[in-house]
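Asker: Attaching a single structure in structure tokens format; questions to follow.
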Amino acid sequence: MYRSTCLLAAVVMLAAVVVVFAPSAVGATRTVCPDGGVSDTTIDGGLLVTGGNYCVLANDTISGGITILAGGDIELDNSTVYGGINVTPGGEIEVNPGSVFGRNPTTSTIYGGITLNNAVDWDIETANILGVVYFNGLSAGGFPTFCGNTVTGAVRMRNVSADITWLGDPVDEDFECGGNTINGILSISNSSFLEVEGNTVNGSVFLDSSTLELNGNTISGSLVCSSGTAIAPGQPGDPSGNTIGGNNTCF
């Protein structure tokens with residue numbers, strides 16, 4: 001009886017040690033991006049981009065997610081990320097920027113979505129994103145772009161105010177921002193001024209307290225406007241109207 005009790009106690013103590021120390025072991029696998037970045041590399045575990053580093057990842061695979069700290073910036077070219085991307089306040093992200101801004105086009109795949117909390121700016125182009133994309137605030141007056149992406153999940157934006165934020169605009173006057181395919185809902189709240197054009201949304205679109213252009217989109221669900229959302233007229237050459245499968249409360 002005594003030996004059985006002691007054995008049980010030992011097993012419980014061992015389990016407690018595993019529970020206490022396992023998380024720190026996982027956290028220890030995170031790699032700090034070298035100055036300038038890496039190419040043709042597989043990084044097992046998470047990647048951390050620290051302040052002052054423009055980290056270029058070309059033809060890489062990251063298996064434990066990416067975190068970008070204030071003052072850090074990452075460029076993802078033809079790379080794959082497992083575990084999502086988290087941009088903390090004051091961080092910045094570029095994904096396949098050459099696809100829109102004049103360099104060789106590439107495609108990157110991100111499993112786990114992207115979360116941006118008060119990012120300085122973002123240019124996310126021609127990516128396959130499996131998970132939610134969440135834009136929460138903008139810490140500086142940049143010109144964010146989100147063009148030509150395929151998202152398996154929702155796209156949510158709140159408290160984003162800039163001179164212009166592009167979320168698809170294939171016939172823009174300055175550059176071609178390809179429309180996005182969103183296999184989920186699109187939700188925009190308390191944001192301005194946005195160009196939302198040429199997208200395919202296989203869900204509903206919810207617009208709350210926002211100002212934007214909204215043209216040439218195909219929406220399989222409903223289009224819902226609330227709290228004084230203002231739809232601005234398009235520029236010359238923009239497509240007119242939207243194709244909507246469900247109800248439309250935006251007039």
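Naming scheme: A, B, ... for chains in displayed order of the structure tokens; residues 1 onward per chain; ligands 1 onward as shown.
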Excluding Gly45 (chain A) and its own-chain neighbours fewer than 3 positions away, which residues fall within 7 Å of it when counting only C-alpha atoms? Please give them as a VMD selection string.
Answerer: chain A and resid 29 to 30 62 to 64
Asker: Can I get the selected residues back with N, CA and C atoms, as a CSV table (one decimal), in the first residue's frame?
Answerer:
chain,number,residue,atom,x,y,z
A,29,THR,N,12.4,27.8,-28.7
A,29,THR,CA,12.7,27.5,-30.1
A,29,THR,C,12.6,28.7,-31.0
A,30,ARG,N,12.1,29.9,-30.5
A,30,ARG,CA,11.9,31.0,-31.4
A,30,ARG,C,13.3,31.6,-31.8
A,62,ILE,N,8.8,28.8,-42.5
A,62,ILE,CA,8.8,29.0,-41.1
A,62,ILE,C,7.7,28.2,-40.5
A,63,SER,N,8.1,27.3,-39.5
A,63,SER,CA,7.2,26.4,-39.0
A,63,SER,C,6.4,26.8,-37.7
A,64,GLY,N,6.8,27.9,-37.1
A,64,GLY,CA,6.2,28.2,-35.8
A,64,GLY,C,5.6,29.6,-35.7
Asker: Taking the DSSP assignment computed from this structure's backbone, write out as number ranges by chain all residues of region 102-173 of chain A that belong to strand (DSSP E).
Answerer: A: 108-111, 114-119, 121-125, 127-130, 133-138, 145-147, 150-152, 155-158, 161-167
Asker: Quick one: write out the picked residues with C-alpha atoms as a PDB file, in the first residue's frame?
Answerer:
ATOM      1  CA  SER A 108       3.551  33.185 -50.414  1.00  0.00           C
ATOM      2  CA  THR A 109       1.326  30.936 -48.299  1.00  0.00           C
ATOM      3  CA  ILE A 110       0.411  31.684 -44.687  1.00  0.00           C
ATOM      4  CA  TYR A 111      -1.312  29.057 -42.545  1.00  0.00           C
ATOM      5  CA  ILE A 114      -2.474  37.443 -40.063  1.00  0.00           C
ATOM      6  CA  THR A 115      -3.207  39.764 -37.128  1.00  0.00           C
ATOM      7  CA  LEU A 116      -2.087  43.404 -37.298  1.00  0.00           C
ATOM      8  CA  ASN A 117      -2.497  45.547 -34.173  1.00  0.00           C
ATOM      9  CA  ASN A 118      -1.768  49.235 -34.847  1.00  0.00           C
ATOM     10  CA  ALA A 119       0.772  48.422 -37.537  1.00  0.00           C
ATOM     11  CA  ASP A 121       1.789  50.083 -42.636  1.00  0.00           C
ATOM     12  CA  TRP A 122       1.214  46.940 -44.697  1.00  0.00           C
ATOM     13  CA  ASP A 123       1.518  45.819 -48.309  1.00  0.00           C
ATOM     14  CA  ILE A 124       0.123  42.301 -48.623  1.00  0.00           C
ATOM     15  CA  GLU A 125      -0.113  41.030 -52.190  1.00  0.00           C
ATOM     16  CA  ALA A 127      -0.732  35.575 -50.926  1.00  0.00           C
ATOM     17  CA  ASN A 128      -2.679  32.453 -50.041  1.00  0.00           C
ATOM     18  CA  ILE A 129      -3.866  33.017 -46.470  1.00  0.00           C
ATOM     19  CA  LEU A 130      -5.551  30.206 -44.583  1.00  0.00           C
ATOM     20  CA  VAL A 133      -6.931  38.474 -41.532  1.00  0.00           C
ATOM     21  CA  TYR A 134      -7.526  41.085 -38.830  1.00  0.00           C
ATOM     22  CA  PHE A 135      -6.506  44.743 -39.266  1.00  0.00           C
ATOM     23  CA  ASN A 136      -6.915  46.484 -35.908  1.00  0.00           C
ATOM     24  CA  GLY A 137      -5.852  50.114 -36.091  1.00  0.00           C
ATOM     25  CA  LEU A 138      -3.117  51.970 -37.956  1.00  0.00           C
ATOM     26  CA  THR A 145      -2.482  47.830 -49.646  1.00  0.00           C
ATOM     27  CA  PHE A 146      -4.141  44.405 -49.737  1.00  0.00           C
ATOM     28  CA  CYS A 147      -4.219  43.202 -53.335  1.00  0.00           C
ATOM     29  CA  THR A 150      -6.902  34.540 -51.622  1.00  0.00           C
ATOM     30  CA  VAL A 151      -8.174  34.265 -48.044  1.00  0.00           C
ATOM     31  CA  THR A 152      -9.769  31.125 -46.632  1.00  0.00           C
ATOM     32  CA  VAL A 155     -11.212  39.647 -43.357  1.00  0.00           C
ATOM     33  CA  ARG A 156     -11.909  42.101 -40.524  1.00  0.00           C
ATOM     34  CA  MET A 157     -10.863  45.739 -40.343  1.00  0.00           C
ATOM     35  CA  ARG A 158     -11.513  48.291 -37.587  1.00  0.00           C
ATOM     36  CA  SER A 161      -7.860  55.697 -41.047  1.00  0.00           C
ATOM     37  CA  ALA A 162      -5.496  56.834 -43.810  1.00  0.00           C
ATOM     38  CA  ASP A 163      -5.607  59.049 -46.887  1.00  0.00           C
ATOM     39  CA  ILE A 164      -6.236  55.835 -48.852  1.00  0.00           C
ATOM     40  CA  THR A 165      -6.290  52.172 -47.892  1.00  0.00           C
ATOM     41  CA  TRP A 166      -6.519  49.793 -50.848  1.00  0.00           C
ATOM     42  CA  LEU A 167      -8.460  46.545 -50.539  1.00  0.00           C
TER      43      LEU A 167
END
Asker: Residues within 9 Å of Asp40 (chain A), please, as a VMD selection string. Count only C-alpha atoms; anything in the same chain fewer than 2 positions from it doesn't count.
Answerer: chain A and resid 38 42 57 to 61 79
Asker: Take the residues from that selection and write them out as a compact mmCIF listing (two decimals), in the first residue's frame, keeping N, CA and C atoms.
Answerer:
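Result file is out-v9.txt:
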# COMPACT_ATOMS: atom_id res chain seq x y z
N VAL A 38 16.98 36.02 -44.34
CA VAL A 38 17.57 34.76 -44.79
C VAL A 38 16.87 34.33 -46.07
N THR A 42 14.87 26.67 -43.95
CA THR A 42 13.75 26.21 -43.13
C THR A 42 14.07 26.51 -41.68
N LEU A 57 12.60 37.51 -46.17
CA LEU A 57 12.54 36.05 -46.24
C LEU A 57 12.23 35.66 -47.68
N ALA A 58 13.18 35.01 -48.34
CA ALA A 58 13.01 34.61 -49.73
C ALA A 58 13.14 33.10 -49.85
N ASN A 59 12.10 32.46 -50.32
CA ASN A 59 12.09 31.00 -50.52
C ASN A 59 12.34 30.25 -49.21
N ASP A 60 11.70 30.72 -48.13
CA ASP A 60 11.89 30.13 -46.81
C ASP A 60 10.62 29.42 -46.34
N THR A 61 10.79 28.56 -45.34
CA THR A 61 9.67 27.94 -44.64
C THR A 61 9.85 28.18 -43.14
N SER A 79 7.50 32.43 -49.90
CA SER A 79 7.78 31.69 -48.68
C SER A 79 6.51 31.13 -48.08
Asker: Within 6 Å of Gly148 (chain A), counting only C-alpha atoms, which residues qualify if same-chain residues fewer than 2 places away don't, as a PyMOL selection string?
Answerer: chain A and resi 125-126+178-180
Asker: Which residue out of A:Thr200, A:Ser222, A:Thr229, A:Leu214 has the minimum interatomic distance to Gly241 (chain A) when only C-alpha atoms are used?
Answerer: A:Leu214
Asker: Would you list the contacts of Glu195 (chain A) as an mmCIF file with C-alpha atoms, in the first residue's frame, taking every protein, DNA or RNA residue within 12 Å and counting only C-alpha atoms, but skipping same-chain residues closer than 3 positions in sequence?
Answerer:
data_model
loop_
_atom_site.group_PDB
_atom_site.id
_atom_site.type_symbol
_atom_site.label_atom_id
_atom_site.label_comp_id
_atom_site.auth_asym_id
_atom_site.auth_seq_id
_atom_site.Cartn_x
_atom_site.Cartn_y
_atom_site.Cartn_z
ATOM 1 C CA PHE A 143 -0.873 53.916 -47.571
ATOM 2 C CA PRO A 144 -1.772 50.280 -46.819
ATOM 3 C CA THR A 145 -2.482 47.830 -49.646
ATOM 4 C CA PHE A 146 -4.141 44.405 -49.737
ATOM 5 C CA CYS A 147 -4.219 43.202 -53.335
ATOM 6 C CA ALA A 162 -5.496 56.834 -43.810
ATOM 7 C CA ASP A 163 -5.607 59.049 -46.887
ATOM 8 C CA ILE A 164 -6.236 55.835 -48.852
ATOM 9 C CA THR A 165 -6.290 52.172 -47.892
ATOM 10 C CA TRP A 166 -6.519 49.793 -50.848
ATOM 11 C CA LEU A 167 -8.460 46.545 -50.539
ATOM 12 C CA GLY A 168 -8.648 45.641 -54.200
ATOM 13 C CA ASP A 169 -8.726 48.221 -57.003
ATOM 14 C CA PRO A 170 -7.803 46.672 -60.374
ATOM 15 C CA VAL A 171 -8.217 49.913 -62.343
ATOM 16 C CA ASP A 172 -6.642 52.336 -59.882
ATOM 17 C CA GLU A 173 -5.226 55.537 -61.327
ATOM 18 C CA GLU A 176 -3.205 47.996 -60.368
ATOM 19 C CA CYS A 177 -4.283 46.521 -57.038
ATOM 20 C CA GLY A 178 -5.801 43.189 -58.017
ATOM 21 C CA GLY A 179 -9.075 42.171 -56.436
ATOM 22 C CA ILE A 188 -15.135 46.978 -41.957
ATOM 23 C CA SER A 191 -12.493 53.134 -40.969
ATOM 24 C CA SER A 192 -11.818 55.578 -43.823
ATOM 25 C CA GLY A 198 -12.974 44.187 -57.813
ATOM 26 C CA ASN A 199 -13.169 41.654 -54.989
ATOM 27 C CA SER A 210 -16.957 53.829 -42.450
ATOM 28 C CA THR A 211 -16.301 55.798 -45.649
ATOM 29 C CA LEU A 212 -15.225 54.016 -48.810
ATOM 30 C CA GLU A 213 -15.579 53.437 -52.523
ATOM 31 C CA LEU A 214 -17.323 50.141 -53.244
ATOM 32 C CA ASN A 215 -17.457 49.097 -56.888
ATOM 33 C CA GLY A 216 -17.198 46.030 -59.067
ATOM 34 C CA ASN A 217 -17.383 43.512 -56.237
ATOM 35 C CA ILE A 231 -20.357 54.981 -50.029
ATOM 36 C CA ALA A 232 -18.419 57.496 -52.160
ATOM 37 C CA PRO A 233 -18.768 57.643 -55.943
ATOM 38 C CA GLY A 234 -16.046 55.907 -57.911
ATOM 39 C CA GLN A 235 -13.329 57.552 -59.965
ATOM 40 C CA ASP A 238 -14.052 52.448 -62.092
#
Asker: Which residue out of A:Leu48, A:Val160, A:Ile244, A:Ala140 has the minimum interatomic distance to Ser209 (chain A) when only C-alpha atoms are used?
Answerer: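 Looking only at the distances to Ser209 (chain A), the closest residue turns out to be A:Val160.
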